[in-house]
Amino acid sequence: MNNTEFERKFITSILETEATHKEVEKFIEKCKKYNLYGIAVDLDYIVFAKKLLEGTSMKVITVASYPNGGMTTKVKVAQIKYAIKMGADEIDACLNYNALKSGRFDDVKNDMNKMADAAEDKIKLIFIPQFAILTNEEKIKVCDLSIRAGCNVIKTNTGYGYNTIVEDILMAKRIYGSDLEVEASGGCRTREQAKQILNAGSSVIHTSTIFNILQ
Amino acid sequence: MITKKELAKTIDHTYLKIQGNDMEIKAICYEAIYYGFASVAVHPTIVPLVSKLLRDTPVKVCAALSFFSGRYPLEIKLYEIKDAISNGATELDMVMSVDLVKEKKYDLLEKEFKEFAKVGKGLTTKVILETCLLTREEKIKACEIAKSCGINFVKTSTGFKEGGATVEDVMLMRKTVGSTMGVKASGNIRNWNDAKAIIEAGANRIGTSSGVNIMKAYTK
């Protein structure tokens, strides 16, 4: 894989609580030196980011109920609709982890279905199962539910200390193959780690230490 | 010095674990009823269950809103608050838009707080400053605006960042808002010594997941 193709495997983000327009602009301008897949910003910065990324092929990604997954279905649906209205290309949505860990799989499924309905084909919806807090059984269950809800892209974790292990990617790809696209997030800090994760079958990697890895 | 009963009434029994499960939530609610805590504070998805478990008890249902970055368009923030209220939340802890403070857009911050106060009328509204991200001037300004908009409490932190409540911040917030408005301290309050210092600094509410330990370690 050449440099440009390698860069295309990465997504980075600027989701800090205190990030100002100036800081977001500075960050995005720095990102534009590379051929990244995309940049994740909060809902209220979608339009701003789209403008800054005009003329590039970089996607604008946003998030729903991030990173705790504590928001109700109704509110996540509202966020998805808002993201569509603002023109985001993709939205990474946290799931109802409380329901998942409590074994209430119908609730998890209903939450996923409503989000998938809201996304329709107007935005690429990615579910975040948060593998780092799940048993292997739960990981498979949530992937199953996701595919049945019509969403065949998952992002392993939110990051924020929840790190991805290569074994999880290998397991998901072994079981679901091309039926499930797996994005990796959390703990990828070096080129070496990135290569391992990509070799395991991950389609793209989310990382905050993007400039470290690519320079 | 605060009595044990009074101490209990300052505690918002907080459960914000991402991997939380129903069994633990039931235990948390039982603890809150047993000790006489002010409220149980949870994510919005958990408000319906907590509301059911705390029915007909004096323990209130507290929702963690705009969590934890506070970065949502106003319409989404208000929608989330209304949704939590409809599910039974009567205490509303909302993270403020810190970026508005950083960009000195205080008119927009005031609008946010006014709308929050309106939606939360008759209930208990708390604005979370996330003090570890703010300068002294910004903390003062946010408190002043919260007070002028009729918000019930200013609160230090979400507990999800490096910094939590400090005695210094609580003293500053109490000094700024005066003696009648609520000051809630949260983040890094892990034991009775922490709680004692924070209450003496002027907090009349504390958000902690260590409520049971604090009550057990209480001494006059």
# chains A, B, ... in the order shown; residues from 1 in each chain; ligands from 1
>>> interface_residues(of="chain A", to="chain B", cutoff="6 Å", atoms="only C-alpha atoms", output="ChimeraX atom specification")
/A:17-20,44,68,70-72,75,97-98,101-102
>>> write_last_selection(atoms="C-alpha atoms", output="short mmCIF file (atom, residue, chain, number, x, y, z; two decimals), in the first residue's frame")
data_model
loop_
_atom_site.label_atom_id
_atom_site.label_comp_id
_atom_site.auth_asym_id
_atom_site.auth_seq_id
_atom_site.Cartn_x
_atom_site.Cartn_y
_atom_site.Cartn_z
CA THR A 17 -15.82 19.95 24.92
CA GLU A 18 -14.04 23.27 24.65
CA ALA A 19 -13.07 23.26 20.95
CA THR A 20 -13.70 26.65 19.36
CA ASP A 44 -22.89 21.84 15.61
CA ASN A 68 -21.43 7.23 26.85
CA GLY A 70 -26.70 7.26 27.63
CA MET A 71 -29.23 9.00 25.42
CA THR A 72 -32.64 7.60 24.60
CA VAL A 75 -32.95 11.75 21.13
CA TYR A 97 -25.14 -0.40 26.56
CA ASN A 98 -27.24 -0.62 29.70
CA LYS A 101 -25.31 -5.57 29.54
CA SER A 102 -28.66 -6.32 31.18
#
>>> residues_around(residues="Thr14 (chain B)", least_positions_apart="3", cutoff="12 Å", atoms="only C-alpha atoms", output="NGL selection string")
:B and (11 or 17 or 20 or 24-25 or 28-29 or 31-32 or 37-43 or 46 or 50 or 60-64 or 93 or 158-159 or 186-187 or 189-190 or 205-212)
>>> write_last_selection(atoms="N, CA and C atoms", output="JSON list (two decimals), in the first residue's frame")
[["chain", "number", "residue", "atom", "x", "y", "z"],
["B", 11, "ILE", "N", -26.49, 14.38, 49.08],
["B", 11, "ILE", "CA", -25.90, 13.45, 48.11],
["B", 11, "ILE", "C", -26.82, 13.09, 46.94],
["B", 17, "LYS", "N", -21.95, 4.61, 34.92],
["B", 17, "LYS", "CA", -21.09, 3.63, 34.27],
["B", 17, "LYS", "C", -21.60, 3.31, 32.88],
["B", 20, "GLY", "N", -23.22, -0.12, 32.78],
["B", 20, "GLY", "CA", -24.18, -0.33, 33.85],
["B", 20, "GLY", "C", -25.21, -1.38, 33.51],
["B", 24, "GLU", "N", -27.52, -3.68, 39.15],
["B", 24, "GLU", "CA", -26.79, -2.67, 39.91],
["B", 24, "GLU", "C", -27.66, -1.44, 40.13],
["B", 25, "ILE", "N", -28.44, -1.09, 39.13],
["B", 25, "ILE", "CA", -29.31, 0.08, 39.25],
["B", 25, "ILE", "C", -30.32, -0.12, 40.36],
["B", 28, "ILE", "N", -28.55, 0.43, 43.58],
["B", 28, "ILE", "CA", -28.29, 1.87, 43.75],
["B", 28, "ILE", "C", -29.54, 2.57, 44.30],
["B", 29, "CYS", "N", -30.70, 2.26, 43.73],
["B", 29, "CYS", "CA", -31.95, 2.89, 44.16],
["B", 29, "CYS", "C", -32.27, 2.49, 45.59],
["B", 31, "GLU", "N", -30.13, 1.66, 47.91],
["B", 31, "GLU", "CA", -29.19, 2.39, 48.78],
["B", 31, "GLU", "C", -29.67, 3.81, 49.01],
["B", 32, "ALA", "N", -30.13, 4.45, 47.93],
["B", 32, "ALA", "CA", -30.56, 5.84, 48.04],
["B", 32, "ALA", "C", -31.76, 5.98, 48.98],
["B", 37, "PHE", "N", -30.73, 9.58, 50.54],
["B", 37, "PHE", "CA", -30.03, 10.50, 49.63],
["B", 37, "PHE", "C", -31.02, 11.43, 48.94],
["B", 38, "ALA", "N", -30.48, 12.54, 48.38],
["B", 38, "ALA", "CA", -31.34, 13.51, 47.70],
["B", 38, "ALA", "C", -31.91, 12.93, 46.41],
["B", 39, "SER", "N", -31.05, 12.27, 45.66],
["B", 39, "SER", "CA", -31.50, 11.76, 44.36],
["B", 39, "SER", "C", -30.61, 10.62, 43.88],
["B", 40, "VAL", "N", -31.06, 9.99, 42.80],
["B", 40, "VAL", "CA", -30.22, 9.05, 42.06],
["B", 40, "VAL", "C", -29.98, 9.69, 40.70],
["B", 41, "ALA", "N", -28.71, 9.85, 40.33],
["B", 41, "ALA", "CA", -28.36, 10.53, 39.08],
["B", 41, "ALA", "C", -27.87, 9.53, 38.05],
["B", 42, "VAL", "N", -28.55, 9.50, 36.91],
["B", 42, "VAL", "CA", -28.25, 8.50, 35.88],
["B", 42, "VAL", "C", -28.35, 9.09, 34.48],
["B", 43, "HIS", "N", -27.92, 8.32, 33.49],
["B", 43, "HIS", "CA", -28.10, 8.68, 32.09],
["B", 43, "HIS", "C", -29.59, 8.60, 31.75],
["B", 46, "ILE", "N", -31.71, 5.37, 31.53],
["B", 46, "ILE", "CA", -31.98, 4.68, 32.79],
["B", 46, "ILE", "C", -33.04, 5.41, 33.62],
["B", 50, "VAL", "N", -35.34, 3.99, 36.97],
["B", 50, "VAL", "CA", -35.11, 4.64, 38.26],
["B", 50, "VAL", "C", -36.38, 5.34, 38.74],
["B", 60, "LYS", "N", -35.25, 11.76, 44.67],
["B", 60, "LYS", "CA", -35.58, 12.30, 43.36],
["B", 60, "LYS", "C", -34.83, 11.60, 42.22],
["B", 61, "VAL", "N", -35.37, 11.76, 41.01],
["B", 61, "VAL", "CA", -34.75, 11.20, 39.82],
["B", 61, "VAL", "C", -33.99, 12.30, 39.11],
["B", 62, "CYS", "N", -32.67, 12.11, 38.98],
["B", 62, "CYS", "CA", -31.81, 13.14, 38.39],
["B", 62, "CYS", "C", -31.24, 12.64, 37.07],
["B", 63, "ALA", "N", -31.34, 13.44, 36.02],
["B", 63, "ALA", "CA", -30.84, 13.03, 34.71],
["B", 63, "ALA", "C", -29.58, 13.81, 34.33],
["B", 64, "ALA", "N", -28.60, 13.08, 33.78],
["B", 64, "ALA", "CA", -27.36, 13.69, 33.29],
["B", 64, "ALA", "C", -27.57, 14.04, 31.82],
["B", 93, "ASP", "N", -29.48, 17.87, 35.32],
["B", 93, "ASP", "CA", -28.09, 18.35, 35.34],
["B", 93, "ASP", "C", -27.60, 18.44, 33.89],
["B", 158, "THR", "N", -18.56, 17.16, 35.19],
["B", 158, "THR", "CA", -19.26, 15.96, 34.74],
["B", 158, "THR", "C", -18.69, 14.73, 35.43],
["B", 159, "GLY", "N", -17.43, 14.83, 35.86],
["B", 159, "GLY", "CA", -16.74, 13.69, 36.44],
["B", 159, "GLY", "C", -16.05, 12.84, 35.39],
["B", 186, "SER", "N", -19.09, 17.98, 42.06],
["B", 186, "SER", "CA", -19.05, 16.59, 41.61],
["B", 186, "SER", "C", -17.71, 16.31, 40.96],
["B", 187, "GLY", "N", -17.35, 15.05, 40.92],
["B", 187, "GLY", "CA", -16.07, 14.65, 40.33],
["B", 187, "GLY", "C", -14.99, 14.56, 41.39],
["B", 189, "ILE", "N", -15.02, 13.15, 44.34],
["B", 189, "ILE", "CA", -15.40, 13.17, 45.75],
["B", 189, "ILE", "C", -15.56, 11.72, 46.17],
["B", 190, "ARG", "N", -14.55, 11.18, 46.83],
["B", 190, "ARG", "CA", -14.49, 9.73, 46.99],
["B", 190, "ARG", "C", -14.70, 9.27, 48.43],
["B", 205, "ARG", "N", -24.85, 20.46, 47.65],
["B", 205, "ARG", "CA", -25.19, 19.20, 47.00],
["B", 205, "ARG", "C", -23.88, 18.61, 46.47],
["B", 206, "ILE", "N", -23.72, 17.30, 46.59],
["B", 206, "ILE", "CA", -22.55, 16.66, 46.01],
["B", 206, "ILE", "C", -22.95, 15.47, 45.15],
["B", 207, "GLY", "N", -22.30, 15.37, 44.01],
["B", 207, "GLY", "CA", -22.54, 14.26, 43.10],
["B", 207, "GLY", "C", -21.39, 13.29, 43.27],
["B", 208, "THR", "N", -21.72, 12.06, 43.66],
["B", 208, "THR", "CA", -20.67, 11.08, 43.91],
["B", 208, "THR", "C", -21.23, 9.68, 43.76],
["B", 209, "SER", "N", -20.36, 8.74, 43.37],
["B", 209, "SER", "CA", -20.77, 7.34, 43.35],
["B", 209, "SER", "C", -20.30, 6.65, 44.63],
["B", 210, "SER", "N", -19.66, 7.44, 45.51],
["B", 210, "SER", "CA", -19.15, 6.87, 46.76],
["B", 210, "SER", "C", -20.03, 7.22, 47.95],
["B", 211, "GLY", "N", -21.30, 7.48, 47.70],
["B", 211, "GLY", "CA", -22.23, 7.91, 48.74],
["B", 211, "GLY", "C", -22.28, 6.97, 49.93],
["B", 212, "VAL", "N", -22.32, 5.68, 49.67],
["B", 212, "VAL", "CA", -22.44, 4.71, 50.76],
["B", 212, "VAL", "C", -21.20, 4.75, 51.65]]
>>> closest_residue(among="B:Lys111, B:Phe153, B:Lys105, B:Ile140", to="Ile128 (chain B)", atoms="only C-alpha atoms")
B:Phe153
>>> closest_residue(among="B:Leu123, B:Cys143, B:Met181, B:Met1", to="Tyr106 (chain B)", atoms="only C-alpha atoms")
B:Cys143
>>> select_by_dssp(residues="region 3-174 of chain A", states="alpha helix (DSSP H)", output="ChimeraX atom specification")
/A:3-7,21-31,46-52,73-86,97-101,105-119,136-148,166-174
>>> residues_around(residues="Lys141 (chain A)", least_positions_apart="5", cutoff="12 Å", atoms="only C-alpha atoms", output="PyMOL selection string")
chain A and resi 100-101+103-106+108-109+129+131+134-136+146-148+172+175-176
>>> atom_distance(atom1="CA of Met171 (chain A)", atom2="CA of Lys139 (chain A)")
9.4 Å
>>> residues_around(residues="region 51-65 of chain A", least_positions_apart="3", cutoff="8 Å", atoms="only C-alpha atoms", output="PyMOL selection string")
(chain A and resi 25+28-29+32+35-43+46-48+68-71+76+79-80+83+88-94) or (chain B and resi 67)
>>> atom_distance(atom1="CA of Lys175 (chain B)", atom2="CA of Lys141 (chain B)")
12.4 Å
>>> atom_distance(atom1="CA of Cys132 (chain B)", atom2="CA of Gly182 (chain B)")
19.3 Å
>>> closest_residue(among="A:Lys30, A:Lys81, A:Lys173, A:Arg191", to="Ile154 (chain A)", atoms="only C-alpha atoms")
A:Lys173
>>> residues_around(residues="Ala195 (chain B)", least_positions_apart="2", cutoff="12 Å", atoms="only C-alpha atoms", output="CSV table (one decimal) with C-alpha atoms, in the first residue's frame")
chain,number,residue,atom,x,y,z
B,2,ILE,CA,-23.7,18.9,59.4
B,7,LEU,CA,-25.3,14.9,54.8
B,8,ALA,CA,-27.5,12.2,53.2
B,10,THR,CA,-26.7,16.6,50.1
B,11,ILE,CA,-25.9,13.5,48.1
B,165,ALA,CA,-14.5,19.5,42.2
B,166,THR,CA,-12.0,21.5,44.1
B,167,VAL,CA,-12.4,23.5,47.4
B,170,VAL,CA,-16.6,25.6,45.1
B,184,LYS,CA,-23.3,21.3,43.5
B,185,ALA,CA,-19.8,19.7,43.6
B,186,SER,CA,-19.1,16.6,41.6
B,187,GLY,CA,-16.1,14.6,40.3
B,188,ASN,CA,-13.4,13.1,42.5
B,189,ILE,CA,-15.4,13.2,45.7
B,190,ARG,CA,-14.5,9.7,47.0
B,191,ASN,CA,-14.7,9.7,50.8
B,192,TRP,CA,-16.0,11.6,53.9
B,193,ASN,CA,-12.9,13.8,54.1
B,197,ALA,CA,-14.1,19.8,52.8
B,198,ILE,CA,-16.4,20.4,49.8
B,199,ILE,CA,-19.4,21.0,52.0
B,200,GLU,CA,-17.5,23.4,54.2
B,201,ALA,CA,-16.3,25.2,51.1
B,202,GLY,CA,-20.0,26.0,50.3
B,203,ALA,CA,-21.5,23.1,48.4
B,204,ASN,CA,-25.0,22.1,49.4
B,205,ARG,CA,-25.2,19.2,47.0
B,206,ILE,CA,-22.5,16.7,46.0
B,207,GLY,CA,-22.5,14.3,43.1
B,208,THR,CA,-20.7,11.1,43.9
B,209,SER,CA,-20.8,7.3,43.3
B,210,SER,CA,-19.1,6.9,46.8
B,211,GLY,CA,-22.2,7.9,48.7
B,213,ASN,CA,-18.8,4.9,51.8
B,214,ILE,CA,-19.2,8.5,52.7
B,215,MET,CA,-22.2,7.8,55.0
B,217,ALA,CA,-17.3,7.0,57.4
B,218,TYR,CA,-19.2,10.0,58.6
B,219,THR,CA,-18.2,11.4,62.0
>>> select_by_dssp(residues="region 87-198 of chain B", states="strand (DSSP E or B)", output="list in words")
Glu91, Leu92, Asp93, Met94, Val95, Thr124, Thr125, Lys126, Val127, Ile128, Phe153, Val154, Lys155, Gly182, Val183, Lys184, Ala185 and Ser186 of chain B
>>> decode(residues="region 100-115 of chain A", atoms="all heavy atoms", output="mmCIF file, in the first residue's frame")
data_model
loop_
_atom_site.group_PDB
_atom_site.id
_atom_site.type_symbol
_atom_site.label_atom_id
_atom_site.label_comp_id
_atom_site.auth_asym_id
_atom_site.auth_seq_id
_atom_site.Cartn_x
_atom_site.Cartn_y
_atom_site.Cartn_z
ATOM 1 N N LEU A 100 -27.915 -3.710 26.741
ATOM 2 C CA LEU A 100 -27.064 -4.789 26.249
ATOM 3 C C LEU A 100 -26.478 -5.598 27.407
ATOM 4 O O LEU A 100 -26.558 -6.822 27.430
ATOM 5 C CB LEU A 100 -25.957 -4.183 25.382
ATOM 6 C CG LEU A 100 -25.019 -5.085 24.587
ATOM 7 C CD1 LEU A 100 -25.787 -6.099 23.766
ATOM 8 C CD2 LEU A 100 -24.161 -4.234 23.651
ATOM 9 N N LYS A 101 -25.921 -4.901 28.391
ATOM 10 C CA LYS A 101 -25.305 -5.573 29.539
ATOM 11 C C LYS A 101 -26.342 -6.208 30.464
ATOM 12 O O LYS A 101 -26.017 -7.047 31.279
ATOM 13 C CB LYS A 101 -24.444 -4.590 30.354
ATOM 14 C CG LYS A 101 -23.214 -4.071 29.657
ATOM 15 C CD LYS A 101 -22.262 -5.162 29.161
ATOM 16 C CE LYS A 101 -21.469 -5.809 30.273
ATOM 17 N NZ LYS A 101 -20.486 -6.782 29.734
ATOM 18 N N SER A 102 -27.594 -5.755 30.347
ATOM 19 C CA SER A 102 -28.657 -6.320 31.177
ATOM 20 C C SER A 102 -29.390 -7.447 30.464
ATOM 21 O O SER A 102 -30.368 -7.980 30.989
ATOM 22 C CB SER A 102 -29.649 -5.221 31.583
ATOM 23 O OG SER A 102 -29.004 -4.174 32.256
ATOM 24 N N GLY A 103 -28.957 -7.765 29.242
ATOM 25 C CA GLY A 103 -29.582 -8.855 28.493
ATOM 26 C C GLY A 103 -30.911 -8.508 27.846
ATOM 27 O O GLY A 103 -31.649 -9.393 27.407
ATOM 28 N N ARG A 104 -31.232 -7.230 27.786
ATOM 29 C CA ARG A 104 -32.508 -6.837 27.173
ATOM 30 C C ARG A 104 -32.284 -6.607 25.662
ATOM 31 O O ARG A 104 -32.238 -5.477 25.173
ATOM 32 C CB ARG A 104 -33.053 -5.572 27.839
ATOM 33 C CG ARG A 104 -33.611 -5.841 29.239
ATOM 34 C CD ARG A 104 -34.261 -4.604 29.850
ATOM 35 N NE ARG A 104 -33.314 -3.698 30.462
ATOM 36 C CZ ARG A 104 -33.043 -2.475 30.012
ATOM 37 N NH1 ARG A 104 -33.656 -1.997 28.936
ATOM 38 N NH2 ARG A 104 -32.174 -1.717 30.650
ATOM 39 N N PHE A 105 -32.141 -7.716 24.958
ATOM 40 C CA PHE A 105 -31.748 -7.627 23.546
ATOM 41 C C PHE A 105 -32.840 -7.056 22.656
ATOM 42 O O PHE A 105 -32.549 -6.455 21.629
ATOM 43 C CB PHE A 105 -31.281 -8.995 23.047
ATOM 44 C CG PHE A 105 -30.085 -9.510 23.795
ATOM 45 C CD1 PHE A 105 -30.131 -10.704 24.487
ATOM 46 C CD2 PHE A 105 -28.904 -8.766 23.841
ATOM 47 C CE1 PHE A 105 -29.023 -11.171 25.196
ATOM 48 C CE2 PHE A 105 -27.797 -9.217 24.550
ATOM 49 C CZ PHE A 105 -27.861 -10.426 25.232
ATOM 50 N N ASP A 106 -34.107 -7.250 23.060
ATOM 51 C CA ASP A 106 -35.198 -6.643 22.286
ATOM 52 C C ASP A 106 -35.083 -5.121 22.316
ATOM 53 O O ASP A 106 -35.324 -4.448 21.311
ATOM 54 C CB ASP A 106 -36.564 -7.060 22.842
ATOM 55 C CG ASP A 106 -36.983 -8.416 22.297
ATOM 56 O OD1 ASP A 106 -36.318 -8.911 21.357
ATOM 57 O OD2 ASP A 106 -37.974 -8.976 22.797
ATOM 58 N N ASP A 107 -34.730 -4.584 23.483
ATOM 59 C CA ASP A 107 -34.563 -3.132 23.593
ATOM 60 C C ASP A 107 -33.398 -2.657 22.729
ATOM 61 O O ASP A 107 -33.468 -1.593 22.104
ATOM 62 C CB ASP A 107 -34.328 -2.724 25.052
ATOM 63 C CG ASP A 107 -35.583 -2.897 25.908
ATOM 64 O OD1 ASP A 107 -36.679 -3.025 25.321
ATOM 65 O OD2 ASP A 107 -35.475 -2.907 27.142
ATOM 66 N N VAL A 108 -32.330 -3.436 22.708
ATOM 67 C CA VAL A 108 -31.167 -3.084 21.882
ATOM 68 C C VAL A 108 -31.583 -3.071 20.417
ATOM 69 O O VAL A 108 -31.276 -2.152 19.652
ATOM 70 C CB VAL A 108 -30.001 -4.081 22.079
ATOM 71 C CG1 VAL A 108 -28.836 -3.737 21.153
ATOM 72 C CG2 VAL A 108 -29.527 -4.063 23.524
ATOM 73 N N LYS A 109 -32.329 -4.104 20.031
ATOM 74 C CA LYS A 109 -32.785 -4.252 18.643
ATOM 75 C C LYS A 109 -33.708 -3.103 18.244
ATOM 76 O O LYS A 109 -33.560 -2.535 17.161
ATOM 77 C CB LYS A 109 -33.505 -5.589 18.494
ATOM 78 C CG LYS A 109 -33.859 -5.965 17.059
ATOM 79 C CD LYS A 109 -34.451 -7.341 16.990
ATOM 80 C CE LYS A 109 -35.818 -7.355 17.622
ATOM 81 N NZ LYS A 109 -36.837 -7.984 16.785
ATOM 82 N N ASN A 110 -34.667 -2.764 19.121
ATOM 83 C CA ASN A 110 -35.603 -1.677 18.803
ATOM 84 C C ASN A 110 -34.878 -0.351 18.633
ATOM 85 O O ASN A 110 -35.185 0.427 17.730
ATOM 86 C CB ASN A 110 -36.665 -1.539 19.891
ATOM 87 C CG ASN A 110 -37.627 -2.710 19.873
ATOM 88 O OD1 ASN A 110 -37.796 -3.357 18.841
ATOM 89 N ND2 ASN A 110 -38.239 -3.000 21.000
ATOM 90 N N ASP A 111 -33.899 -0.119 19.499
ATOM 91 C CA ASP A 111 -33.083 1.098 19.426
ATOM 92 C C ASP A 111 -32.365 1.145 18.077
ATOM 93 O O ASP A 111 -32.381 2.162 17.379
ATOM 94 C CB ASP A 111 -32.089 1.083 20.599
ATOM 95 C CG ASP A 111 -31.184 2.293 20.626
ATOM 96 O OD1 ASP A 111 -31.695 3.427 20.609
ATOM 97 O OD2 ASP A 111 -29.945 2.115 20.673
ATOM 98 N N MET A 112 -31.780 0.018 17.693
ATOM 99 C CA MET A 112 -31.050 -0.055 16.423
ATOM 100 C C MET A 112 -31.999 0.155 15.242
ATOM 101 O O MET A 112 -31.669 0.907 14.305
ATOM 102 C CB MET A 112 -30.401 -1.434 16.273
ATOM 103 C CG MET A 112 -29.194 -1.654 17.127
ATOM 104 S SD MET A 112 -28.658 -3.367 16.862
ATOM 105 C CE MET A 112 -27.007 -3.307 17.521
ATOM 106 N N ASN A 113 -33.151 -0.500 15.289
ATOM 107 C CA ASN A 113 -34.111 -0.393 14.182
ATOM 108 C C ASN A 113 -34.559 1.046 13.961
ATOM 109 O O ASN A 113 -34.616 1.533 12.831
ATOM 110 C CB ASN A 113 -35.349 -1.258 14.446
ATOM 111 C CG ASN A 113 -35.086 -2.724 14.154
ATOM 112 O OD1 ASN A 113 -34.156 -3.048 13.414
ATOM 113 N ND2 ASN A 113 -35.881 -3.596 14.719
ATOM 114 N N LYS A 114 -34.867 1.734 15.066
ATOM 115 C CA LYS A 114 -35.343 3.118 14.942
ATOM 116 C C LYS A 114 -34.239 4.017 14.374
ATOM 117 O O LYS A 114 -34.522 4.919 13.590
ATOM 118 C CB LYS A 114 -35.814 3.651 16.297
ATOM 119 C CG LYS A 114 -37.073 2.937 16.815
ATOM 120 C CD LYS A 114 -38.152 3.919 17.235
ATOM 121 C CE LYS A 114 -39.514 3.265 17.302
ATOM 122 N NZ LYS A 114 -39.658 2.399 18.498
ATOM 123 N N MET A 115 -33.007 3.754 14.794
ATOM 124 C CA MET A 115 -31.889 4.567 14.276
ATOM 125 C C MET A 115 -31.682 4.287 12.795
ATOM 126 O O MET A 115 -31.452 5.203 11.994
ATOM 127 C CB MET A 115 -30.610 4.278 15.070
ATOM 128 C CG MET A 115 -30.612 4.925 16.444
ATOM 129 S SD MET A 115 -28.950 5.076 17.126
ATOM 130 C CE MET A 115 -28.731 3.451 17.842
#
